[in-house]
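J.: Okay, so here is model38.cif, and as you'll see once you scroll down, it has mmCIF, C-alpha atoms.
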data_model
#
loop_
_atom_site.group_PDB
_atom_site.id
_atom_site.type_symbol
_atom_site.label_atom_id
_atom_site.label_comp_id
_atom_site.auth_asym_id
_atom_site.auth_seq_id
_atom_site.Cartn_x
_atom_site.Cartn_y
_atom_site.Cartn_z
ATOM 1 C CA MET A 177 23.707 -13.823 -7.551
ATOM 2 C CA GLN A 178 20.297 -15.375 -6.854
ATOM 3 C CA ILE A 179 18.067 -15.271 -3.814
ATOM 4 C CA GLU A 180 15.457 -17.668 -2.452
ATOM 5 C CA ILE A 181 13.372 -17.058 0.647
ATOM 6 C CA TYR A 182 11.697 -19.742 2.724
ATOM 7 C CA PHE A 183 9.731 -19.901 5.949
ATOM 8 C CA SER A 184 10.056 -22.547 8.625
ATOM 9 C CA HIS A 185 7.640 -23.086 11.514
ATOM 10 C CA SER A 186 10.405 -24.718 13.476
ATOM 11 C CA PHE A 187 13.954 -24.201 12.274
ATOM 12 C CA VAL A 188 16.064 -26.302 14.569
ATOM 13 C CA SER A 189 18.316 -28.282 12.234
ATOM 14 C CA VAL A 190 19.304 -28.697 8.601
ATOM 15 C CA ASN A 191 16.566 -31.309 8.386
ATOM 16 C CA SER A 192 13.834 -28.844 9.395
ATOM 17 C CA THR A 193 11.107 -28.423 6.834
ATOM 18 C CA MET A 194 10.646 -25.075 5.216
ATOM 19 C CA TYR A 195 8.173 -23.676 2.717
ATOM 20 C CA LYS A 196 7.896 -20.998 0.073
ATOM 21 C CA ILE A 197 5.265 -18.373 0.753
ATOM 22 C CA LYS A 198 2.769 -17.218 -1.823
ATOM 23 C CA ASP A 199 3.195 -13.490 -1.778
ATOM 24 C CA SER A 200 -0.055 -11.635 -1.583
ATOM 25 C CA SER A 201 -0.806 -8.236 -0.113
ATOM 26 C CA TYR A 202 -4.086 -9.604 1.227
ATOM 27 C CA LYS A 203 -2.917 -12.713 3.031
ATOM 28 C CA PRO A 204 0.325 -14.502 2.234
ATOM 29 C CA GLU A 205 0.027 -18.260 2.415
ATOM 30 C CA ILE A 206 2.430 -21.130 2.837
ATOM 31 C CA ILE A 207 2.732 -23.270 -0.280
ATOM 32 C CA GLN A 208 2.515 -26.773 1.164
ATOM 33 C CA SER A 209 3.797 -28.396 -2.027
ATOM 34 C CA SER A 210 7.023 -26.395 -1.785
ATOM 35 C CA ALA A 211 8.136 -28.259 1.375
ATOM 36 C CA LYS A 212 11.871 -28.699 1.408
ATOM 37 C CA LYS A 213 14.668 -29.281 3.883
ATOM 38 C CA VAL A 214 17.424 -26.770 4.458
ATOM 39 C CA LYS A 215 19.879 -29.559 3.614
ATOM 40 C CA ASP A 216 18.301 -29.917 0.121
ATOM 41 C CA MET A 217 19.133 -26.297 -0.656
ATOM 42 C CA ILE A 218 22.680 -26.558 0.686
ATOM 43 C CA ASP A 219 23.225 -29.709 -1.396
ATOM 44 C CA LYS A 220 22.189 -27.727 -4.466
ATOM 45 C CA GLY A 221 24.831 -25.097 -3.808
ATOM 46 C CA TRP A 222 22.713 -22.560 -1.949
ATOM 47 C CA LYS A 223 24.134 -20.857 1.097
ATOM 48 C CA LEU A 224 21.996 -19.874 4.060
ATOM 49 C CA SER A 225 22.933 -16.228 4.382
ATOM 50 C CA HIS A 226 20.294 -14.983 6.832
ATOM 51 C CA ALA A 227 18.003 -16.682 9.315
ATOM 52 C CA ILE A 228 15.592 -14.320 11.006
ATOM 53 C CA LYS A 229 13.510 -15.454 13.940
ATOM 54 C CA THR A 230 10.062 -14.069 13.288
ATOM 55 C CA SER A 231 8.152 -14.973 16.432
ATOM 56 C CA GLN A 232 8.777 -14.333 20.096
ATOM 57 C CA SER A 233 8.147 -17.902 21.158
ATOM 58 C CA ALA A 234 10.925 -19.731 22.991
ATOM 59 C CA GLN A 235 9.432 -23.141 22.268
ATOM 60 C CA LEU A 236 11.464 -25.226 19.833
ATOM 61 C CA GLU A 237 8.319 -26.238 17.969
ATOM 62 C CA SER A 238 7.502 -22.573 17.382
ATOM 63 C CA PHE A 239 10.891 -21.383 16.237
ATOM 64 C CA ASN A 240 9.433 -19.529 13.257
ATOM 65 C CA PHE A 241 12.177 -18.414 10.934
ATOM 66 C CA LEU A 242 12.517 -16.622 7.645
ATOM 67 C CA LEU A 243 15.414 -18.205 5.818
ATOM 68 C CA ILE A 244 17.280 -16.410 3.076
ATOM 69 C CA PHE A 245 19.439 -18.401 0.703
ATOM 70 C CA GLU A 246 21.922 -17.078 -1.810
ATOM 71 C CA LYS A 247 23.736 -18.730 -4.669
ATOM 72 C CA MET B 179 -71.680 25.643 8.828
ATOM 73 C CA GLU B 180 -68.785 25.988 11.206
ATOM 74 C CA GLY B 181 -66.977 23.100 9.477
ATOM 75 C CA LEU B 182 -67.393 24.761 6.096
ATOM 76 C CA GLY B 183 -65.767 27.899 7.531
ATOM 77 C CA TYR B 184 -62.688 25.884 8.581
ATOM 78 C CA ILE B 185 -62.391 24.311 5.102
ATOM 79 C CA ILE B 186 -62.630 27.666 3.368
ATOM 80 C CA GLY B 187 -60.075 29.093 5.818
ATOM 81 C CA ALA B 188 -57.668 26.228 5.093
ATOM 82 C CA ILE B 189 -58.078 26.713 1.342
ATOM 83 C CA LEU B 190 -57.371 30.432 1.680
ATOM 84 C CA ILE B 191 -54.277 29.830 3.836
ATOM 85 C CA TYR B 192 -53.024 27.303 1.287
ATOM 86 C CA TYR B 193 -53.778 29.640 -1.596
ATOM 87 C CA PHE B 194 -51.965 32.653 -0.136
ATOM 88 C CA PHE B 195 -49.074 31.015 1.695
ATOM 89 C CA PHE B 196 -48.235 27.603 0.239
ATOM 90 C CA ARG B 197 -49.345 27.530 -3.354
ATOM 91 C CA LYS B 198 -46.499 27.809 -5.804
ATOM 92 C CA LYS B 199 -46.860 30.923 -7.765
ATOM 93 C CA LYS B 200 -46.757 30.537 -11.505
ATOM 94 C CA LEU B 201 -43.833 32.329 -13.044
ATOM 95 C CA THR B 202 -44.089 34.496 -16.074
ATOM 96 C CA PRO B 203 -42.002 33.542 -19.129
ATOM 97 C CA LYS B 204 -39.677 36.436 -18.297
ATOM 98 C CA GLN B 205 -39.229 35.202 -14.727
ATOM 99 C CA ILE B 206 -38.584 31.663 -15.996
ATOM 100 C CA ALA B 207 -35.934 32.950 -18.377
ATOM 101 C CA GLU B 208 -34.270 34.934 -15.587
ATOM 102 C CA LYS B 209 -34.300 31.926 -13.267
ATOM 103 C CA GLU B 210 -32.800 29.706 -15.956
ATOM 104 C CA LYS B 211 -30.128 32.301 -16.615
ATOM 105 C CA LYS B 212 -29.258 32.505 -12.900
ATOM 106 C CA ASP B 213 -29.160 28.704 -12.608
ATOM 107 C CA ALA B 214 -26.914 28.458 -15.654
ATOM 108 C CA GLU B 215 -24.575 31.118 -14.243
ATOM 109 C CA ALA B 216 -24.414 29.329 -10.865
ATOM 110 C CA LYS B 217 -23.704 26.010 -12.599
ATOM 111 C CA ALA B 218 -20.977 27.577 -14.742
ATOM 112 C CA LEU B 219 -19.413 29.091 -11.618
ATOM 113 C CA ARG B 220 -19.499 25.737 -9.809
ATOM 114 C CA GLU B 221 -17.909 24.008 -12.805
ATOM 115 C CA LYS B 222 -15.242 26.697 -13.079
ATOM 116 C CA LYS B 223 -14.368 26.335 -9.388
ATOM 117 C CA ALA B 224 -14.255 22.525 -9.698
ATOM 118 C CA ALA B 225 -11.977 22.788 -12.748
ATOM 119 C CA GLU B 226 -9.686 25.183 -10.873
ATOM 120 C CA GLU B 227 -9.529 22.819 -7.885
ATOM 121 C CA LEU B 228 -8.750 19.905 -10.186
ATOM 122 C CA LYS B 229 -6.020 21.896 -11.898
ATOM 123 C CA LYS B 230 -4.504 22.852 -8.525
ATOM 124 C CA GLU B 231 -4.608 19.218 -7.374
ATOM 125 C CA LYS B 232 -2.954 18.056 -10.609
ATOM 126 C CA GLU B 233 -0.211 20.642 -10.200
ATOM 127 C CA ARG B 234 0.273 19.617 -6.557
ATOM 128 C CA LEU B 235 0.583 15.946 -7.549
ATOM 129 C CA LYS B 236 2.936 16.814 -10.378
ATOM 130 C CA LEU B 237 5.195 18.739 -8.001
ATOM 131 C CA LEU B 238 5.025 15.902 -5.498
ATOM 132 C CA ARG B 239 5.986 13.361 -8.171
ATOM 133 C CA GLN B 240 8.872 15.544 -9.354
ATOM 134 C CA LYS B 241 10.089 15.934 -5.774
ATOM 135 C CA GLU B 242 9.709 12.193 -5.157
ATOM 136 C CA LYS B 243 11.529 11.328 -8.392
ATOM 137 C CA LYS B 244 14.422 13.555 -7.360
ATOM 138 C CA ILE B 245 14.670 11.784 -4.003
ATOM 139 C CA VAL B 246 14.405 8.332 -5.617
ATOM 140 C CA ASP B 247 17.032 9.177 -8.267
ATOM 141 C CA GLU B 248 19.389 10.331 -5.534
ATOM 142 C CA LEU B 249 18.794 7.185 -3.442
ATOM 143 C CA LEU B 250 19.189 4.922 -6.481
ATOM 144 C CA LYS B 251 22.666 6.331 -7.157
ATOM 145 C CA SER B 252 23.895 4.730 -3.964
ATOM 146 C CA LYS B 253 25.350 1.245 -3.772
ATOM 147 C CA GLU B 254 24.058 1.037 -0.220
ATOM 148 C CA ARG B 255 20.295 1.066 -0.024
ATOM 149 C CA VAL B 256 17.742 0.673 2.708
ATOM 150 C CA TYR B 257 14.354 -0.733 1.815
ATOM 151 C CA PHE B 258 11.209 -1.321 3.794
ATOM 152 C CA SER B 259 8.710 -4.116 3.300
ATOM 153 C CA HIS B 260 5.269 -4.402 4.884
ATOM 154 C CA SER B 261 5.402 -8.144 4.406
ATOM 155 C CA PHE B 262 8.764 -9.635 3.476
ATOM 156 C CA VAL B 263 7.974 -13.282 2.872
ATOM 157 C CA SER B 264 9.471 -14.056 -0.513
ATOM 158 C CA GLU B 265 12.002 -12.776 -3.001
ATOM 159 C CA LYS B 266 9.076 -11.192 -4.850
ATOM 160 C CA SER B 267 7.721 -9.248 -1.857
ATOM 161 C CA LYS B 268 7.455 -5.539 -2.502
ATOM 162 C CA LEU B 269 10.224 -3.329 -1.188
ATOM 163 C CA TYR B 270 10.180 0.447 -0.958
ATOM 164 C CA LEU B 271 12.765 3.128 -0.442
ATOM 165 C CA ILE B 272 12.123 5.434 2.467
ATOM 166 C CA ASN B 273 12.018 9.211 2.369
ATOM 167 C CA SER B 274 14.116 9.940 5.430
ATOM 168 C CA PRO B 275 12.863 13.418 6.371
ATOM 169 C CA SER B 276 9.259 12.272 6.421
ATOM 170 C CA ASN B 277 9.935 8.588 7.199
ATOM 171 C CA GLN B 278 7.390 7.623 4.583
ATOM 172 C CA ILE B 279 7.770 4.927 1.987
ATOM 173 C CA ILE B 280 8.118 6.079 -1.610
ATOM 174 C CA GLU B 281 5.508 4.154 -3.564
ATOM 175 C CA SER B 282 7.157 4.792 -6.934
ATOM 176 C CA SER B 283 10.392 3.107 -5.762
ATOM 177 C CA SER B 284 8.677 -0.283 -5.518
ATOM 178 C CA THR B 285 10.967 -3.214 -6.355
ATOM 179 C CA ASN B 286 11.750 -6.676 -4.966
ATOM 180 C CA ALA B 287 14.733 -8.667 -3.719
ATOM 181 C CA GLU B 288 14.900 -10.786 -6.878
ATOM 182 C CA LYS B 289 15.305 -7.685 -9.076
ATOM 183 C CA LEU B 290 17.886 -6.182 -6.745
ATOM 184 C CA TYR B 291 19.912 -9.408 -6.738
ATOM 185 C CA SER B 292 19.840 -9.439 -10.536
ATOM 186 C CA GLU B 293 21.311 -5.907 -10.388
ATOM 187 C CA GLY B 294 24.150 -7.179 -8.216
ATOM 188 C CA PHE B 295 22.816 -6.163 -4.820
ATOM 189 C CA ARG B 296 22.943 -8.432 -1.773
ATOM 190 C CA ILE B 297 21.182 -8.342 1.557
ATOM 191 C CA ILE B 298 23.730 -7.171 4.103
ATOM 192 C CA ASP B 299 21.467 -6.702 7.062
ATOM 193 C CA ILE B 300 17.841 -7.387 7.787
ATOM 194 C CA ASP B 301 15.704 -6.356 10.746
ATOM 195 C CA LYS B 302 12.188 -7.365 11.573
ATOM 196 C CA THR B 303 10.626 -4.117 12.722
ATOM 197 C CA GLY B 304 7.188 -5.270 13.836
ATOM 198 C CA GLN B 305 6.322 -7.577 16.704
ATOM 199 C CA SER B 306 3.639 -9.386 14.740
ATOM 200 C CA ALA B 307 4.197 -13.037 13.900
ATOM 201 C CA GLN B 308 1.574 -12.901 11.134
ATOM 202 C CA LEU B 309 2.994 -13.317 7.646
ATOM 203 C CA GLU B 310 1.024 -10.334 6.307
ATOM 204 C CA SER B 311 2.625 -8.112 8.949
ATOM 205 C CA PHE B 312 6.229 -9.171 8.545
ATOM 206 C CA ASN B 313 7.508 -5.586 8.522
ATOM 207 C CA PHE B 314 11.178 -5.503 7.672
ATOM 208 C CA VAL B 315 13.905 -2.981 7.090
ATOM 209 C CA ILE B 316 16.439 -4.481 4.723
ATOM 210 C CA ARG B 317 19.858 -3.162 3.835
ATOM 211 C CA PHE B 318 21.185 -3.991 0.390
ATOM 212 C CA SER B 319 24.700 -3.422 -0.822
ATOM 213 C CA LYS B 320 26.519 -3.775 -4.129
ATOM 214 C CA GLU B 321 30.278 -3.960 -4.551
#
Translate the structure of the given file into structure tokens.
T.:
Amino acid sequence: MQIEIYFSHSFVSVNSTMYKIKDSSYKPEIIQSSAKKVKDMIDKGWKLSHAIKTSQSAQLESFNFLLIFEK
Amino acid sequence: MEGLGYIIGAILIYYFFFRKKKLTPKQIAEKEKKDAEAKALREKKAAEELKKEKERLKLLRQKEKKIVDELLKSKERVYFSHSFVSEKSKLYLINSPSNQIIESSSTNAEKLYSEGFRIIDIDKTGQSAQLESFNFVIRFSKE
């Protein structure tokens, strides 16, 4: 089984944009070029197994989520 | 005349109280011997301290390895990550009695998935919304 992890600033639908994060102990950064929609992953056979809300905000535009896909 | 008296007085005070006395060759040899002995003693103590520290670290590593080996036998594992943002983020096993992460157990989700593990449960443990502080406790399981 494989795993892919993405971050979304606002995960509100399968069309929400999400990004890979460059892992660095100093300061992780969003990789802008990795932008993808949740739907793209599902179409490729990935299953969204975990969606973790990472911020406290209740505003839809700040629904920060860590999205974990498995295949 | 009075000024000359002060100068002579100052010279005498300097001569008797502040001037470094010249050592005889015997005194020099004795001083060098004492210095060498003191240096040897310092070095011996430092070496002993280093040896003790090495032994302490060795014991710690052995103890840690034993804990890690025991935890790695399980098909249910709990890992902690300071910043879980990708499948390559570092994950650590936790030493339960001390609640400290075990540095030598470092791995990542990608490796664990390749070993057949899956994330069963995941909890964000910190309040921070900053990516570098995405503290997580992650439960992995393998059938």
J.: Could you give me, as a tab-separated table, every chain A residue with an atom at most 8 Å from chain B, plus its closest atom pair and distance in Å to one decimal, counting all atoms listed in the file, rows ordered by chain then number?
T.:
residue	atom	partner	partner_atom	distance
A:Met177	CA	B:Tyr291	CA	5.9
A:Gln178	CA	B:Tyr291	CA	6.0
A:Ile179	CA	B:Glu288	CA	6.3
A:Glu180	CA	B:Glu265	CA	6.0
A:Ile181	CA	B:Ser264	CA	5.1
A:Tyr182	CA	B:Ser264	CA	6.9
A:Phe183	CA	B:Val263	CA	7.5
A:Lys196	CA	B:Ser264	CA	7.1
A:Ile197	CA	B:Val263	CA	6.1
A:Lys198	CA	B:Ser264	CA	7.5
A:Asp199	CA	B:Ser267	CA	6.2
A:Ser201	CA	B:Glu310	CA	7.0
A:Tyr202	CA	B:Glu310	CA	7.2
A:Lys203	CA	B:Glu310	CA	5.7
A:Pro204	CA	B:Glu310	CA	5.9
A:Glu205	CA	B:Leu309	CA	7.8
A:Ile228	CA	B:Lys302	CA	7.8
A:Thr230	CA	B:Ala307	CA	6.0
A:Ser231	CA	B:Ala307	CA	5.1
A:Gln232	CA	B:Ala307	CA	7.8
A:Leu242	CA	B:Val263	CA	7.4
J.: Up to 6 Å from (12.0, -29.9, 3.2) in the file's coordinates: name the residues, counting all atoms listed in the file, as a PyMOL selection string.
T.: chain A and resi 193-194+211-213
J.: In Å, with one decimal, what is the gap from CA of Lys211 (chain B) to CA of Glu226 (chain B)?
T.: 22.4 Å
J.: If you apply the PyMOL selection byres ((chain A and resi 221-226) around 7) to this file, what residues do you get, as a ChimeraX atom specification?
T.: /A:217-220,227-228,243-247
J.: Would you compute, for all listed atoms of region 193-205 of chain A, the axis-aligned bounding box grown by 8 Å on each side, and then report its centre and edge lengths in Å rounded to one decimal, as JSON?
T.:
{"center_x": 3.5, "center_y": -18.3, "center_z": 2.5, "size_x": 31.2, "size_y": 36.2, "size_z": 24.7}
J.: Interatomic distance between CA of Asn240 (chain A) and CA of Ser210 (chain A)?
T.: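 Straight-line distance from CA of Asn240 (chain A) to CA of Ser210 (chain A) works out to 16.7 Å.
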J.: So the first atom is CA of His185 (chain A) and the second is CA of Ser238 (chain A); what is the distance between them in Å, to one decimal place?
T.: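 CA of Ser238 (chain A) lies 5.9 Å from CA of His185 (chain A).
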J.: Excluding same-chain residues fewer than 2 positions from Phe187 (chain A), what lies within 7 Å of it counting all atoms listed in the file, as an MDAnalysis selection string?
T.: chainID A and resid 184:185 189 192 239:241
J.: Could you pull the residues within 6 Å of region 248-254 of chain B, counting all atoms listed in the file, minus those fewer than 6 positions along the same chain, as a PyMOL selection string?
T.: chain B and resi 318-320
